[in-house]
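Encoded as structure tokens, the structure appears first; notes follow it.
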Amino acid sequence: MTAVQAHDQPMSTALIRAEARLLVPALAFIALVVAAVASLGTPLITSVATTFHVSLDSAQWTLTIALLSGAVATPVLGRLGAGPHRRATVLATLAVVVGGSVLTVLPLPLPLPFAWLLVGRAAQGVGLGLTALMMGVARDHLPEERSAATIALLSVVSIIGAGVGYPLAALLAEFGGLRAAYGLGLLVTAIAFVTAWRSMPAAPEGRSAHVNVAGALALAGGLLLVLFLAGERNLWSRHLAVAVTLGVAAVLLLCVWTVSELRTKTPLVDVRAVRHPAVAGANLAMFVGGSGMYLLLTLITRYAQTPHGAGYGFGLTTFVAGLILIPFSVLGFVAGKITPRVRTRIDGPLLLAGSAAVVGGGFVLFATARSNLAELLAAMGVLGFGVGSFSAAMPGVILSVTPRSETSSAMSFNYVVRSVGYSVGSAIGGLVLAAGTATGRLFPNDDAYTSAALVGVAAMAVTTMASLALALVLARRRSPETNPITAAVGVPDLGRSNRPGS
């Protein structure tokens, strides 16, 4: 080896390490931005209603439409991100998000200004599909130990993004108006685009990703109907026949999608892989657990903003109520940092079970103690820690049996399940509180919050039991004594430990 070669080798290694160090914060920043921007609709619903002179139900669509477009775009982006054009897919998606952010700050004199706002919010929601792509990048371009921790971090960041965006948007809306709040979204998405342009590496060679268009359309239609029915609670009470018809149509579309995925050589989601106990169990836990987690988040924030005249509540402004999310974000981040280290000693399914139990404890705390703000902050902190740990453990369970090239696709499906779970949790909370609202009253009875919390306790109990059952199944699959084939040939099962490096 020449002197020049000897000098270049360590420089090359140092350059790779430096790029890896820069890649992690870039991935985390992009995931944080898309999650925070998509959640901007939550604290701005009242401002939208007054500014655009629409009803609160109509203004609610500024949040709902972002979740809908994100759920539909996620599996498609996951498949595109598994192919050779991942960098182009990321940049194109962020360009759509930036364009949508521009639409949200357009001046009012435009014709149908509220329609333009909804289009912009839908475009912003498309960015929710990028988190799974960021995980694929981490798994492809970081060392195994580093990638596991980074993927866990990305999962947590996508959750706490709402906790970051909520108080900032509420503060800007309070002092600078609605356009100032949406202007924040435009600023950070533009920065995210530049960050991706400078830091996003190309996908490894040898990848292919053809999109099953028929399957994508069937899945999009099915998800749109499911999430629409979950969000439109009045439809079930006033037009039951229409709701049932749409529900049947949703089931049929999802069945068509499943058949299409099984027949095509280029599925959006490898349905056969989804049937693996680790993947199926994790997605079941994600659906039920996500329903409960989002339920408690909405219960606490709604309770805090209820005026004193209702006989309970604290009458907080939107901005002050947003500050209640700070313990959620901080403890969620702490749990996300701790969980990858704990996973070296405890299997992922057991961590899921423990995290679900923690969230269940948050429900119990809210059900029994909510007479002062300190108790609400404590419940929000417990929720944040449980959600952070649950989110950080989830990718490890799924990716332990997923090929590296299918990382984005597998996690995209899990994120779709999470979105549906969140929507169901929001709908359940609305239904329970509506049932506890007396005729002629605007706010539900205090006992209705207790009833909703007990529903959440039940949901987290189911999640805990499902996770423990998954741990038991995987433990049996790993045991040579229970699998004579692997015992005879000495080959480990697909269900072996999901710890990093296993």
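Letters A, B, ... mark the chains of the structure tokens in the order given; residue numbers begin at 1 per chain; ligand numbers begin at 1, in order shown.
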
Practice item. Show which residues sit within 10 Å of Leu40 in chain A, as a ChimeraX atom specification. Count only C-alpha atoms, and ignore same-chain residues fewer than 2 positions away. Key: /A:35-38,42-45,62-63,66,121,124,161-162,164-170,181-182,184-185

Would you tabulate, counting only C-alpha atoms, all residues of range 189-277 of chain A that have an atom at most 9 Å from an atom of range 140-153 of chain A, showing the closest pair of atoms and their distance in Å to one decimal, sorted by chain then ascending number, as CSV?
residue,atom,partner,partner_atom,distance
A:Pro201,CA,A:His141,CA,8.2
A:Ala203,CA,A:Asp140,CA,7.8
A:Pro204,CA,A:Asp140,CA,7.5

Could you write those residues out with C-alpha atoms, as a PDB file, in the first residue's frame?
ATOM      1  CA  PRO A 201     -28.464   9.194   0.048  1.00  0.00           C
ATOM      2  CA  ALA A 203     -30.924   3.640  -2.339  1.00  0.00           C
ATOM      3  CA  PRO A 204     -28.637   0.596  -2.652  1.00  0.00           C
TER       4      PRO A 204
END

Exercise for review: Enumerate, as a PyMOL selection string, the complete set of residues in range 238-383 of chain A that a backbone-based DSSP assignment places in helix (DSSP H, G or I).
Suggested key: chain A and resi 238+240-263+271-274+277-305+308-310+318-323+325-342+348-368+373-383

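Taking only C-alpha atoms into account, Asp270 in chain A lies nearest to A:Trp257 out of the set A:Phe228, A:Trp257, A:Tyr312, A:Phe175.
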
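Residues with any atom within 12 Å of Leu373 in chain A, counting only C-alpha atoms and excluding same-chain neighbours fewer than 4 positions away, are Ile300, Thr301, Tyr303, Ala304, Gln305, Tyr312, Gly313, Phe314, Gly315, Leu316, Val320, Ala321, Leu323, Ile324, Phe366, Ala369, Leu377, Ala378, Ala379 and Met380 of chain A.
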
Those same residues, written as a PDB file, in the first residue's frame with N, CA and C atoms?
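As a result, again39.pdb now contains:
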ATOM      1  N   ILE A 300     -57.726  14.319  27.666  1.00  0.00           N
ATOM      2  CA  ILE A 300     -57.040  15.256  28.563  1.00  0.00           C
ATOM      3  C   ILE A 300     -57.097  16.672  28.004  1.00  0.00           C
ATOM      4  N   THR A 301     -56.793  16.837  26.713  1.00  0.00           N
ATOM      5  CA  THR A 301     -56.787  18.185  26.137  1.00  0.00           C
ATOM      6  C   THR A 301     -58.193  18.778  26.119  1.00  0.00           C
ATOM      7  N   TYR A 303     -60.684  18.019  28.192  1.00  0.00           N
ATOM      8  CA  TYR A 303     -61.074  18.292  29.579  1.00  0.00           C
ATOM      9  C   TYR A 303     -60.447  19.592  30.062  1.00  0.00           C
ATOM     10  N   ALA A 304     -59.189  19.807  29.700  1.00  0.00           N
ATOM     11  CA  ALA A 304     -58.485  21.002  30.162  1.00  0.00           C
ATOM     12  C   ALA A 304     -59.111  22.272  29.594  1.00  0.00           C
ATOM     13  N   GLN A 305     -59.687  22.216  28.388  1.00  0.00           N
ATOM     14  CA  GLN A 305     -60.249  23.403  27.752  1.00  0.00           C
ATOM     15  C   GLN A 305     -61.726  23.617  28.081  1.00  0.00           C
ATOM     16  N   TYR A 312     -66.851  21.408  35.808  1.00  0.00           N
ATOM     17  CA  TYR A 312     -65.529  20.776  35.871  1.00  0.00           C
ATOM     18  C   TYR A 312     -64.668  21.472  34.820  1.00  0.00           C
ATOM     19  N   GLY A 313     -63.456  20.987  34.613  1.00  0.00           N
ATOM     20  CA  GLY A 313     -62.590  21.572  33.598  1.00  0.00           C
ATOM     21  C   GLY A 313     -61.868  22.801  34.104  1.00  0.00           C
ATOM     22  N   PHE A 314     -60.990  23.373  33.259  1.00  0.00           N
ATOM     23  CA  PHE A 314     -60.129  24.474  33.687  1.00  0.00           C
ATOM     24  C   PHE A 314     -60.218  25.680  32.759  1.00  0.00           C
ATOM     25  N   GLY A 315     -60.989  25.589  31.678  1.00  0.00           N
ATOM     26  CA  GLY A 315     -61.195  26.734  30.802  1.00  0.00           C
ATOM     27  C   GLY A 315     -59.921  27.297  30.207  1.00  0.00           C
ATOM     28  N   LEU A 316     -58.954  26.443  29.894  1.00  0.00           N
ATOM     29  CA  LEU A 316     -57.677  26.915  29.368  1.00  0.00           C
ATOM     30  C   LEU A 316     -57.816  27.369  27.918  1.00  0.00           C
ATOM     31  N   VAL A 320     -52.433  27.593  26.153  1.00  0.00           N
ATOM     32  CA  VAL A 320     -52.104  27.029  27.470  1.00  0.00           C
ATOM     33  C   VAL A 320     -52.415  25.536  27.492  1.00  0.00           C
ATOM     34  N   ALA A 321     -53.520  25.133  26.848  1.00  0.00           N
ATOM     35  CA  ALA A 321     -53.839  23.713  26.778  1.00  0.00           C
ATOM     36  C   ALA A 321     -52.760  22.962  26.007  1.00  0.00           C
ATOM     37  N   LEU A 323     -49.655  23.618  26.097  1.00  0.00           N
ATOM     38  CA  LEU A 323     -48.495  23.436  26.978  1.00  0.00           C
ATOM     39  C   LEU A 323     -48.614  22.159  27.806  1.00  0.00           C
ATOM     40  N   ILE A 324     -49.835  21.670  27.982  1.00  0.00           N
ATOM     41  CA  ILE A 324     -50.017  20.420  28.725  1.00  0.00           C
ATOM     42  C   ILE A 324     -49.354  19.256  27.992  1.00  0.00           C
ATOM     43  N   PHE A 366     -56.145   9.355  35.185  1.00  0.00           N
ATOM     44  CA  PHE A 366     -57.101  10.357  34.711  1.00  0.00           C
ATOM     45  C   PHE A 366     -58.513  10.074  35.227  1.00  0.00           C
ATOM     46  N   ALA A 369     -58.218  10.872  39.278  1.00  0.00           N
ATOM     47  CA  ALA A 369     -57.652  12.115  39.815  1.00  0.00           C
ATOM     48  C   ALA A 369     -57.471  13.129  38.692  1.00  0.00           C
ATOM     49  N   LEU A 377     -51.293  17.010  34.230  1.00  0.00           N
ATOM     50  CA  LEU A 377     -49.910  16.967  33.744  1.00  0.00           C
ATOM     51  C   LEU A 377     -49.276  15.612  34.028  1.00  0.00           C
ATOM     52  N   ALA A 378     -49.569  15.060  35.207  1.00  0.00           N
ATOM     53  CA  ALA A 378     -49.024  13.747  35.556  1.00  0.00           C
ATOM     54  C   ALA A 378     -49.567  12.673  34.617  1.00  0.00           C
ATOM     55  N   ALA A 379     -50.877  12.716  34.349  1.00  0.00           N
ATOM     56  CA  ALA A 379     -51.469  11.736  33.434  1.00  0.00           C
ATOM     57  C   ALA A 379     -50.892  11.867  32.034  1.00  0.00           C
ATOM     58  N   MET A 380     -50.668  13.110  31.586  1.00  0.00           N
ATOM     59  CA  MET A 380     -50.088  13.324  30.264  1.00  0.00           C
ATOM     60  C   MET A 380     -48.641  12.829  30.219  1.00  0.00           C
TER      61      MET A 380
END

Quick one: residues within 12 Å of Leu351 in chain A, only C-alpha atoms counted, chain neighbours fewer than 5 positions away excluded, as a PDB file with N, CA and C atoms, in the first residue's frame?
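Listed below is the output, selection-v6.pdb:
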ATOM      1  N   ALA A 282     -47.945  -7.591  16.186  1.00  0.00           N
ATOM      2  CA  ALA A 282     -47.543  -6.201  16.399  1.00  0.00           C
ATOM      3  C   ALA A 282     -48.563  -5.243  15.812  1.00  0.00           C
ATOM      4  N   ALA A 285     -51.604  -5.142  18.062  1.00  0.00           N
ATOM      5  CA  ALA A 285     -51.306  -4.324  19.240  1.00  0.00           C
ATOM      6  C   ALA A 285     -51.279  -2.849  18.869  1.00  0.00           C
ATOM      7  N   ALA A 335     -38.336   8.143  26.959  1.00  0.00           N
ATOM      8  CA  ALA A 335     -38.629   6.717  26.807  1.00  0.00           C
ATOM      9  C   ALA A 335     -38.068   6.177  25.502  1.00  0.00           C
ATOM     10  N   GLY A 336     -38.153   6.994  24.446  1.00  0.00           N
ATOM     11  CA  GLY A 336     -37.610   6.567  23.163  1.00  0.00           C
ATOM     12  C   GLY A 336     -36.117   6.377  23.188  1.00  0.00           C
ATOM     13  N   ILE A 338     -34.397   5.524  25.943  1.00  0.00           N
ATOM     14  CA  ILE A 338     -34.084   4.428  26.866  1.00  0.00           C
ATOM     15  C   ILE A 338     -34.419   3.066  26.259  1.00  0.00           C
ATOM     16  N   THR A 339     -35.511   2.994  25.537  1.00  0.00           N
ATOM     17  CA  THR A 339     -36.039   1.708  25.065  1.00  0.00           C
ATOM     18  C   THR A 339     -35.037   0.883  24.249  1.00  0.00           C
ATOM     19  N   PRO A 340     -34.288   1.455  23.284  1.00  0.00           N
ATOM     20  CA  PRO A 340     -33.333   0.623  22.536  1.00  0.00           C
ATOM     21  C   PRO A 340     -32.307  -0.069  23.426  1.00  0.00           C
ATOM     22  N   ARG A 341     -31.926   0.570  24.514  1.00  0.00           N
ATOM     23  CA  ARG A 341     -30.972  -0.065  25.434  1.00  0.00           C
ATOM     24  C   ARG A 341     -31.642  -1.192  26.220  1.00  0.00           C
ATOM     25  N   VAL A 342     -32.886  -0.949  26.609  1.00  0.00           N
ATOM     26  CA  VAL A 342     -33.605  -1.984  27.353  1.00  0.00           C
ATOM     27  C   VAL A 342     -33.841  -3.206  26.478  1.00  0.00           C
ATOM     28  N   ARG A 343     -34.004  -2.984  25.160  1.00  0.00           N
ATOM     29  CA  ARG A 343     -34.282  -4.091  24.249  1.00  0.00           C
ATOM     30  C   ARG A 343     -33.127  -5.083  24.144  1.00  0.00           C
ATOM     31  N   THR A 344     -31.945  -4.701  24.597  1.00  0.00           N
ATOM     32  CA  THR A 344     -30.839  -5.664  24.601  1.00  0.00           C
ATOM     33  C   THR A 344     -31.030  -6.721  25.673  1.00  0.00           C
ATOM     34  N   ARG A 345     -31.973  -6.482  26.602  1.00  0.00           N
ATOM     35  CA  ARG A 345     -32.223  -7.431  27.689  1.00  0.00           C
ATOM     36  C   ARG A 345     -33.645  -7.973  27.713  1.00  0.00           C
ATOM     37  N   ILE A 346     -34.559  -7.231  27.123  1.00  0.00           N
ATOM     38  CA  ILE A 346     -35.970  -7.633  27.152  1.00  0.00           C
ATOM     39  C   ILE A 346     -36.494  -7.687  25.728  1.00  0.00           C
ATOM     40  N   ALA A 356     -47.914  -0.723  27.145  1.00  0.00           N
ATOM     41  CA  ALA A 356     -49.378  -0.654  27.155  1.00  0.00           C
ATOM     42  C   ALA A 356     -49.895  -0.568  28.586  1.00  0.00           C
ATOM     43  N   ALA A 357     -49.255  -1.300  29.493  1.00  0.00           N
ATOM     44  CA  ALA A 357     -49.668  -1.244  30.899  1.00  0.00           C
ATOM     45  C   ALA A 357     -49.436   0.152  31.477  1.00  0.00           C
ATOM     46  N   VAL A 358     -48.336   0.804  31.072  1.00  0.00           N
ATOM     47  CA  VAL A 358     -48.062   2.169  31.535  1.00  0.00           C
ATOM     48  C   VAL A 358     -49.153   3.121  31.053  1.00  0.00           C
ATOM     49  N   GLY A 386     -45.373   6.041  28.172  1.00  0.00           N
ATOM     50  CA  GLY A 386     -45.874   4.783  27.626  1.00  0.00           C
ATOM     51  C   GLY A 386     -45.893   4.777  26.113  1.00  0.00           C
ATOM     52  N   VAL A 387     -46.356   5.887  25.508  1.00  0.00           N
ATOM     53  CA  VAL A 387     -46.401   5.972  24.051  1.00  0.00           C
ATOM     54  C   VAL A 387     -44.997   5.964  23.465  1.00  0.00           C
ATOM     55  N   GLY A 388     -44.072   6.681  24.101  1.00  0.00           N
ATOM     56  CA  GLY A 388     -42.696   6.711  23.612  1.00  0.00           C
ATOM     57  C   GLY A 388     -42.053   5.341  23.629  1.00  0.00           C
ATOM     58  N   SER A 389     -42.233   4.615  24.716  1.00  0.00           N
ATOM     59  CA  SER A 389     -41.666   3.271  24.817  1.00  0.00           C
ATOM     60  C   SER A 389     -42.322   2.321  23.825  1.00  0.00           C
ATOM     61  N   PHE A 390     -43.646   2.407  23.701  1.00  0.00           N
ATOM     62  CA  PHE A 390     -44.383   1.545  22.782  1.00  0.00           C
ATOM     63  C   PHE A 390     -43.940   1.797  21.345  1.00  0.00           C
ATOM     64  N   SER A 391     -43.824   3.064  20.980  1.00  0.00           N
ATOM     65  CA  SER A 391     -43.443   3.426  19.616  1.00  0.00           C
ATOM     66  C   SER A 391     -42.010   3.010  19.309  1.00  0.00           C
ATOM     67  N   ALA A 392     -41.130   3.121  20.288  1.00  0.00           N
ATOM     68  CA  ALA A 392     -39.736   2.754  20.066  1.00  0.00           C
ATOM     69  C   ALA A 392     -39.547   1.245  19.964  1.00  0.00           C
ATOM     70  N   ALA A 393     -40.377   0.480  20.664  1.00  0.00           N
ATOM     71  CA  ALA A 393     -40.254  -0.981  20.632  1.00  0.00           C
ATOM     72  C   ALA A 393     -40.900  -1.595  19.398  1.00  0.00           C
ATOM     73  N   MET A 394     -41.915  -0.944  18.858  1.00  0.00           N
ATOM     74  CA  MET A 394     -42.685  -1.515  17.760  1.00  0.00           C
ATOM     75  C   MET A 394     -41.849  -1.862  16.521  1.00  0.00           C
ATOM     76  N   PRO A 395     -40.987  -0.951  16.003  1.00  0.00           N
ATOM     77  CA  PRO A 395     -40.234  -1.296  14.789  1.00  0.00           C
ATOM     78  C   PRO A 395     -39.371  -2.532  14.942  1.00  0.00           C
ATOM     79  N   GLY A 396     -38.765  -2.714  16.112  1.00  0.00           N
ATOM     80  CA  GLY A 396     -37.904  -3.877  16.317  1.00  0.00           C
ATOM     81  C   GLY A 396     -38.649  -5.190  16.192  1.00  0.00           C
ATOM     82  N   VAL A 397     -39.906  -5.223  16.656  1.00  0.00           N
ATOM     83  CA  VAL A 397     -40.709  -6.441  16.567  1.00  0.00           C
ATOM     84  C   VAL A 397     -40.987  -6.783  15.105  1.00  0.00           C
ATOM     85  N   THR A 463     -54.458  -4.737  24.654  1.00  0.00           N
ATOM     86  CA  THR A 463     -53.140  -4.566  24.034  1.00  0.00           C
ATOM     87  C   THR A 463     -52.063  -5.293  24.823  1.00  0.00           C
ATOM     88  N   THR A 464     -52.127  -5.186  26.146  1.00  0.00           N
ATOM     89  CA  THR A 464     -51.139  -5.863  26.990  1.00  0.00           C
ATOM     90  C   THR A 464     -51.224  -7.375  26.830  1.00  0.00           C
ATOM     91  N   SER A 467     -49.893  -8.475  23.428  1.00  0.00           N
ATOM     92  CA  SER A 467     -48.431  -8.412  23.383  1.00  0.00           C
ATOM     93  C   SER A 467     -47.799  -9.567  24.156  1.00  0.00           C
ATOM     94  N   LEU A 468     -48.378  -9.916  25.308  1.00  0.00           N
ATOM     95  CA  LEU A 468     -47.863 -11.048  26.073  1.00  0.00           C
ATOM     96  C   LEU A 468     -48.058 -12.361  25.308  1.00  0.00           C
ATOM     97  N   LEU A 470     -48.132 -12.615  22.071  1.00  0.00           N
ATOM     98  CA  LEU A 470     -47.133 -12.586  21.005  1.00  0.00           C
ATOM     99  C   LEU A 470     -45.767 -13.000  21.534  1.00  0.00           C
ATOM    100  N   ALA A 471     -45.409 -12.509  22.723  1.00  0.00           N
ATOM    101  CA  ALA A 471     -44.130 -12.893  23.320  1.00  0.00           C
ATOM    102  C   ALA A 471     -44.060 -14.397  23.556  1.00  0.00           C
ATOM    103  N   ASN A 498     -35.838 -10.653  18.688  1.00  0.00           N
ATOM    104  CA  ASN A 498     -35.847  -9.428  17.904  1.00  0.00           C
ATOM    105  C   ASN A 498     -34.927  -8.377  18.491  1.00  0.00           C
ATOM    106  N   ARG A 499     -34.021  -8.785  19.315  1.00  0.00           N
ATOM    107  CA  ARG A 499     -33.089  -7.826  19.870  1.00  0.00           C
ATOM    108  C   ARG A 499     -32.085  -7.410  18.811  1.00  0.00           C
TER     109      ARG A 499
END

Exercise for review: For Ala459 in chain A, list every protein, DNA or RNA residue within 12 Å, evaluated using only C-alpha atoms, and leave out those in the same chain fewer than 5 positions away; present the list as a ChimeraX atom specification.
Suggested key: /A:284-296,356-357,359-361,363,421,424-425,428,452-454,464-466

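Nearest residue to Val256 in chain A among A:Leu217, A:Glu406, A:Leu118, A:Glu174 is A:Leu217, counting only C-alpha atoms.
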
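Ranking A:Gly215, A:Gly362, A:Pro25, A:Gly384 by their shortest atom-to-atom distance to Pro75 in chain A, with only C-alpha atoms included, puts A:Gly215 first.
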
Check your understanding: Of the residues A:Ser426, A:Ser412, A:Ser329, A:Ser55, which is the one nearest to Leu399 in chain A, using only C-alpha atoms?
Key -> A:Ser412

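Proximity of A:Cys255, A:Val194, A:Leu431, A:Ala82 to Pro403 in chain A, computed with only C-alpha atoms, is greatest for A:Ala82.
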